[in-house]
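Asker: Right, I'll just put the structure down here and ask away after.
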Protein chains: 4
Amino acid sequence: MKNLLLATFITSSIVATAQVQNKDVHKFGAYINRSEVRHEVRIPKIDGMVPLKCDLHSHTVFSDGAVMPSIRVKEAWQHGLDAIAITDHIEYRPHKKFVLGDLNEANKLAQKAAKDRGIIVVEGTEITRRKPLGHLNALFIKDATKMDVKDPLEAIDEAISQGAFILWNHPGWPDDESKLYSVHKKLIKESKIHGIEVFNQYEYYPASFDWCNDYNLAYVGNSDIHTLTSINFGMDAIRPMTIAFATEKSSDALKEALFAKRTVALFNGEIAGREELVKKLVKASLCVTNVGGDKIEVYNNSDISYNMTFDDTVYIFPASKTVRITMPKKGSFVVNNCHVGTGDKLEVDAEELFSID
Amino acid sequence: MKNLLLATFITSSIVATAQVQNKDVHKFGAYINRSEVRHEVRIPKIDGMVPLKCDLHSHTVFSDGAVMPSIRVKEAWQHGLDAIAITDHIEYRPHKKFVLGDLNEANKLAQKAAKDRGIIVVEGTEITRRKPLGHLNALFIKDATKMDVKDPLEAIDEAISQGAFILWNHPGWPDDESKLYSVHKKLIKESKIHGIEVFNQYEYYPASFDWCNDYNLAYVGNSDIHTLTSINFGMDAIRPMTIAFATEKSSDALKEALFAKRTVALFNGEIAGREELVKKLVKASLCVTNVGGDKIEVYNNSDISYNMTFDDTVYIFPASKTVRITMPKKGSFVVNNCHVGTGDKLEVDAEELFSID
Amino acid sequence: MKNLLLATFITSSIVATAQVQNKDVHKFGAYINRSEVRHEVRIPKIDGMVPLKCDLHSHTVFSDGAVMPSIRVKEAWQHGLDAIAITDHIEYRPHKKFVLGDLNEANKLAQKAAKDRGIIVVEGTEITRRKPLGHLNALFIKDATKMDVKDPLEAIDEAISQGAFILWNHPGWPDDESKLYSVHKKLIKESKIHGIEVFNQYEYYPASFDWCNDYNLAYVGNSDIHTLTSINFGMDAIRPMTIAFATEKSSDALKEALFAKRTVALFNGEIAGREELVKKLVKASLCVTNVGGDKIEVYNNSDISYNMTFDDTVYIFPASKTVRITMPKKGSFVVNNCHVGTGDKLEVDAEELFSID
Amino acid sequence: MKNLLLATFITSSIVATAQVQNKDVHKFGAYINRSEVRHEVRIPKIDGMVPLKCDLHSHTVFSDGAVMPSIRVKEAWQHGLDAIAITDHIEYRPHKKFVLGDLNEANKLAQKAAKDRGIIVVEGTEITRRKPLGHLNALFIKDATKMDVKDPLEAIDEAISQGAFILWNHPGWPDDESKLYSVHKKLIKESKIHGIEVFNQYEYYPASFDWCNDYNLAYVGNSDIHTLTSINFGMDAIRPMTIAFATEKSSDALKEALFAKRTVALFNGEIAGREELVKKLVKASLCVTNVGGDKIEVYNNSDISYNMTFDDTVYIFPASKTVRITMPKKGSFVVNNCHVGTGDKLEVDAEELFSID
């Protein structure tokens, strides 16, 4: 039979289907059902630590999201994430009149969808208040219902007692002003805030980079997705995420990595994180070979492109490609897509960066 | 500022965002939010009729789907469809314990999401019974609650009285057997079935092609999507659809086109429809220019590739590309990806197909 | 046989091959040989004029290029161009010791390769001198050998006598200085320069935009390709080109369009041309539909994306996509990727741009 | 400045350019010049051996090709190859009247272009005769001029004396008949043929698979490119190649790997090679993780997709993707895209293939 496949963008295919093709039914074939195919986001290990790709802020019909929790799990798995947190609002549940279930229901359904699938569901919830306090995610909780109290500081304490990691969400939203209020300072001082969501959906908060550095808080980046990540970011785009360098791929190891602040935020080709860790990431991503004379070939083994300036000159190291350049003389690169503080980009010495592997 | 965009697959971009970029907040920019960008599926007009791309079979949390109705509308709009039908099961509502709302609720929410957006919401519902009757969609209904009755034939009659188009769904599911039962013959005879869903998700039912021809029923193709089309089919894939050639882009014109049987089903590069209409589609898609000698250049102005055999030789006319070939001598092409009956592929005379435009 | 196609990026396919598949030989099939498949670059007609896509500056082994003339023709055809000029240097022929043939040989071979193929070969040559005169292409010549004289002004006169269109190449190369010397002013005054190559390969010369406007010269953009356009620009990139709006696709019509200055230069998403023509192009590319309320959907029917600013807000209209936006109030758009003079971007009134089609 | 990048398919970017952007000249920037960016073809190591990707059959203007030797080097480097052989015909030089240079000139120019670039140029030439002998490449030669003799068997002997690897090219071309003539049997017996070009451009020769196995000859696949690989195969396609598993990336190591027959041929997603080696390749490409229950996730770490059948069911493991499947019970997979003999596909025991890593 000359019936050839004419589909154009086959970027992935699938699974297994019994090949039934007769007059009664013609099944298009294994490669059509993409739901069991996962894109991978390639990030190198650092110091033997595995990079866990996480989205720690998402919504479902159980608050103001538009999908069932299972969808968040499937999306995340398909997009190459290792962990997803369902963080429905405690206080804001607009579908309440036709979506029943207590504050733990979403997470239960998510855990069910994640069974026998290589993805970690981080149980979470979002404390949703007006500024100055704003929004905070409580992650690795056990029981969200106990956090449904009038005083948000009590809710935080309850979360802490459950062993939670507390994330201060999108400081600059919704008023485009990022401000470290006294309530935050107090919570930070009391070790009741452990990270800041420096990247949220389509924006980031430069002021918060220095807060992470100064107060030793984790850099975190999330989608805060309410509809579909494919609609908002596209199927092939690398969605907003947090990369946590952990000892292994497990919930406990992820939790340890977050508390150890061993994270970077990533979206739209931009990275934010502590200088030391970001530098290691860039160095681990670029593999250098000397090809003769003063020429080197630099292979970027990751899915993040790097854009750097050396003196006047822009260098780009695209994801998964090799670039052939003249070995730069003495001096430093400014890595334009890597934020290590408010207004600060990563700087790396050329020799250190391009030492031959 | 040398902060260049490093995202790789920017296949589309977006809308408008005020460009706020300061220390408090840095908005990534207009091109990140893709939710207001729509892929188009290019199909030529035929006889002055506009091709309306429709998915007439989808599910939401209001039956056994996993998303809110607004998601179906947004997905469909983003994927280049002109019409979507929300056809939740009448009889099967597994989320019933925590999703409340009567049988019309899904469609109301869908209509709301479609306001001020170039997409038609076709109000529908799915009568869901075991074989022999099987599943049928009632489209262009006014009130689904009145169809929630014990006897499915009464439900059909009620739908008919509301002016509905009745679609017999996936005849070969779930037992991989396509059979025209006496109940269907009777309904067809009484003009209570108007179309057959010859393509459903990942399969099609060759036997049903002849039924469409013999009983003058519309060829229809749908996704029957329960989760996300991006997960099942990929963002860039052309999802299963029905192309209805209508006088204009409106609900009434769509209804007229469906009752007139002026449709083809499309998925994975394969088309099924009446010979006359399919032939017109192929001819309208291929634009021929004589470039000298016996060479012609054939431009496929659509998003559907065509694969044909002439004698021993396979010709491919990829979507949106031009192909340079030797004008074939006398004889016929078999168009391998176009079904016009059970076991029948479209045949077109070479001269007729490649008459110079 | 379950031998399914696993190739990933099939963006185009091919021709016709007899399907021989036996023990002696297995031919992979029609879709593998891409040499007879052409990408199209979609540009709308303007005032009934067809957009001819041209590259009027290329080199072969007959001067300092690295390929035979036939390659330039095949590349150009495959990349969607309508016309290519082979403009080998008169004075600089580094392969001379092993590539023989007079100054017309390259064009003869190109014409041969273009036979029975929908592409126009514009016979040309490049007068190659130091600044102040610099480099100039003589296009639509008849005999390049007569231009091989000591005095370049004589060479120009000879070209003029052959009816040539004279193009002043890359004014800012190689010293990054764009200067209108007295020799140019004189030639312009004598109508012996008809156009300026405002875009050349990877750069453009903003100063030259005003010269085109002030002296009524054609805006031209070319690749000046010496190696392969695929290597320099990528297979899927739209290579540098000139779009000439002509009465039909023919050499005479192209010549008329160039002398009439009915051209824009295009590369890397940027356009340069006379305000009136560029505005018509943008308006013809954007098709507006009112979808209710104050929302419009804007479909870009071309392969050029447009990036505009209205007040503070950036709008992007990606190639071949539809964007849904709020109809802007009174005011003007600045079209950021459209140059209409030195330091001048196209400005269009919102109502004029988005009048409903 | 709001001048945003609008290019669509930026799959790679580039190098370093001083960022000059003023009125005189605006350089588009580093990312436009792609000539120093290389796509990589990801293949895993086997037994510590590095996979060298080679094309051992190409032509230039020095015989009947259309480009300078430098182009072959640049194409190959850009396409992710590690080695290229320029194998111009000894006996057939149609451009001879205007391309001068002895039979070693092409290789000299190629070596020059490869200086300071991570690619190996294998010096070669093609003995080009009618059948029964046909065409043979002599690789790793020192002086092609000495092979320009009347008796091809003398030419072969001369090549052997220079230490060459002799490759019997495209046995089934041009008459679509693959036959092992007595001259070949004799040469094989005398160890004067070391490999067979089982894949050539768009076809392969199934009969030759058994010959490789039976006579212990290397499986080789090449492009035999005369024009441009981008034109014939597309820029993003993986061009025809031989993968030689060598101790390191060097000319000597490549030669050793070829003589050791440690090779597979690859094109269009199909592989041909000795069973033992092909099996190791497949196993090294698929990384298995147990995710609970009877589910496993299989990550394909290479750029070759695999298509397998287990009983009735087709499984696809797309390049660079992860697939989630039910661990198959006892039995064998037939790997449909892997040829290990004439009419023989690789078979692998399920447990052996999917042992957890």
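Within each chain, counting starts at residue 1; across the structure tokens, chains are named A, B, ... in the order shown, with ligands numbered 1 upward in that order.
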What lies within 10 Å of Asp224 (chain D) using only C-alpha atoms, ignoring chain neighbours under 4 positions off, as a list in words?
Answerer: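 Residues meeting the cut-off are Asp55, Leu56, His57, Ser58, His59, Gly65, Ala85, Ile86, Thr87, Asp88, Asn169, His170, Phe199, Asn200, Gln201, Tyr202, Thr229 and Pro240 of chain D.
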Asker: So that I can see what lies close to Leu187 (chain A), please list as an MDAnalysis selection string the residues with an atom at most 12 Å from it, counting only C-alpha atoms and leaving out residues fewer than 4 positions away in the same chain.
Answerer: chainID A and resid 133 136 152:154 156:157 160 166:168 180:183 191:195 215 217
Asker: Counting only C-alpha atoms, give me one row per residue of chain D with an atom at most 6 Å from an atom of chain C, showing the shortest contact pair and its distance in Å to one decimal, sorted by chain then residue number, as a Markdown table.
Answerer:
| residue | atom | partner | partner_atom | distance |
| --- | --- | --- | --- | --- |
| D:Asn3 | CA | C:Asn336 | CA | 6.0 |
| D:Leu6 | CA | C:Gly269 | CA | 5.4 |
| D:Ala7 | CA | C:Gly269 | CA | 5.6 |
| D:Lys23 | CA | C:Pro206 | CA | 5.1 |
| D:Asp24 | CA | C:Ser178 | CA | 4.7 |
| D:Val25 | CA | C:Tyr205 | CA | 4.5 |
| D:His26 | CA | C:Tyr204 | CA | 5.2 |
| D:Lys27 | CA | C:Glu203 | CA | 4.2 |
| D:Phe28 | CA | C:Glu203 | CA | 5.5 |
| D:Asn33 | CA | C:Asn232 | CA | 5.5 |
| D:Arg34 | CA | C:Asn232 | CA | 5.1 |
| D:Ser35 | CA | C:Asn232 | CA | 5.1 |
| D:Ala66 | CA | C:Met68 | CA | 5.1 |
| D:Val67 | CA | C:Val67 | CA | 4.1 |
| D:Met68 | CA | C:Ala66 | CA | 5.1 |
| D:Phe98 | CA | C:Leu100 | CA | 4.0 |
| D:Val99 | CA | C:Val99 | CA | 4.3 |
| D:Leu100 | CA | C:Phe98 | CA | 4.0 |
| D:Gly172 | CA | C:Val25 | CA | 5.9 |
| D:Asp176 | CA | C:Val25 | CA | 5.7 |
| D:Glu177 | CA | C:Asp24 | CA | 5.1 |
| D:Ser178 | CA | C:Asp24 | CA | 4.7 |
| D:Tyr202 | CA | C:Phe28 | CA | 5.5 |
| D:Glu203 | CA | C:Lys27 | CA | 4.3 |
| D:Tyr204 | CA | C:His26 | CA | 5.2 |
| D:Tyr205 | CA | C:Val25 | CA | 4.5 |
| D:Pro206 | CA | C:Lys23 | CA | 5.1 |
| D:Ala207 | CA | C:Lys23 | CA | 5.5 |
| D:Ile231 | CA | C:Ser35 | CA | 5.2 |
| D:Asn232 | CA | C:Arg34 | CA | 5.1 |
| D:Met235 | CA | C:Met235 | CA | 5.5 |
| D:Asn268 | CA | C:Ala7 | CA | 5.7 |
| D:Gly269 | CA | C:Leu6 | CA | 5.4 |
| D:Asn336 | CA | C:Asn3 | CA | 5.8 |
Asker: Name the residues of region 137-251 of chain D that fall into strand (DSSP E or B) according to DSSP on the backbone, using the chain letters and numbers of this document, as a PDB file with C-alpha atoms, in the first residue's frame.
Answerer:
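Result file is states_10.pdb:
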ATOM      1  CA  ASN D 137      36.504   4.823  -3.813  1.00  0.00           C
ATOM      2  CA  ALA D 138      40.085   4.631  -2.702  1.00  0.00           C
ATOM      3  CA  LEU D 139      40.346   6.302   0.722  1.00  0.00           C
ATOM      4  CA  PHE D 165      40.774   1.478   2.171  1.00  0.00           C
ATOM      5  CA  ILE D 166      38.871   0.373  -0.924  1.00  0.00           C
ATOM      6  CA  LEU D 167      35.134   0.939  -0.980  1.00  0.00           C
ATOM      7  CA  TRP D 168      32.893  -0.701  -3.570  1.00  0.00           C
ATOM      8  CA  GLY D 195      33.771  -2.102   2.431  1.00  0.00           C
ATOM      9  CA  ILE D 196      30.556  -1.745   0.442  1.00  0.00           C
ATOM     10  CA  GLU D 197      28.587   1.458   0.042  1.00  0.00           C
ATOM     11  CA  VAL D 198      25.272  -0.060   1.022  1.00  0.00           C
ATOM     12  CA  PHE D 199      23.539   3.349   1.171  1.00  0.00           C
ATOM     13  CA  ASN D 200      24.150   5.842  -1.602  1.00  0.00           C
ATOM     14  CA  GLU D 203      18.808   4.352  -2.306  1.00  0.00           C
ATOM     15  CA  TYR D 204      20.231   1.242  -0.747  1.00  0.00           C
ATOM     16  CA  ALA D 218      32.393  -2.679   6.301  1.00  0.00           C
ATOM     17  CA  TYR D 219      28.872  -1.295   5.959  1.00  0.00           C
ATOM     18  CA  VAL D 220      29.245   2.214   4.542  1.00  0.00           C
ATOM     19  CA  GLY D 221      26.689   4.946   3.717  1.00  0.00           C
ATOM     20  CA  ASN D 222      27.482   8.134   1.797  1.00  0.00           C
ATOM     21  CA  ILE D 225      26.896  14.605  -3.345  1.00  0.00           C
ATOM     22  CA  MET D 241      26.542   8.954   6.587  1.00  0.00           C
ATOM     23  CA  THR D 242      28.726   6.228   7.931  1.00  0.00           C
ATOM     24  CA  ILE D 243      29.180   6.039  11.687  1.00  0.00           C
ATOM     25  CA  ALA D 244      32.548   4.546  12.529  1.00  0.00           C
ATOM     26  CA  PHE D 245      33.200   3.695  16.160  1.00  0.00           C
ATOM     27  CA  ALA D 246      36.804   4.695  16.800  1.00  0.00           C
TER      28      ALA D 246
END
Asker: What is the distance, in Å and to one decimal place, between CA of Leu277 (chain A) and CA of Tyr299 (chain A)?
Answerer: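 About the pair CA of Leu277 (chain A) and CA of Tyr299 (chain A): they are 20.0 Å apart.
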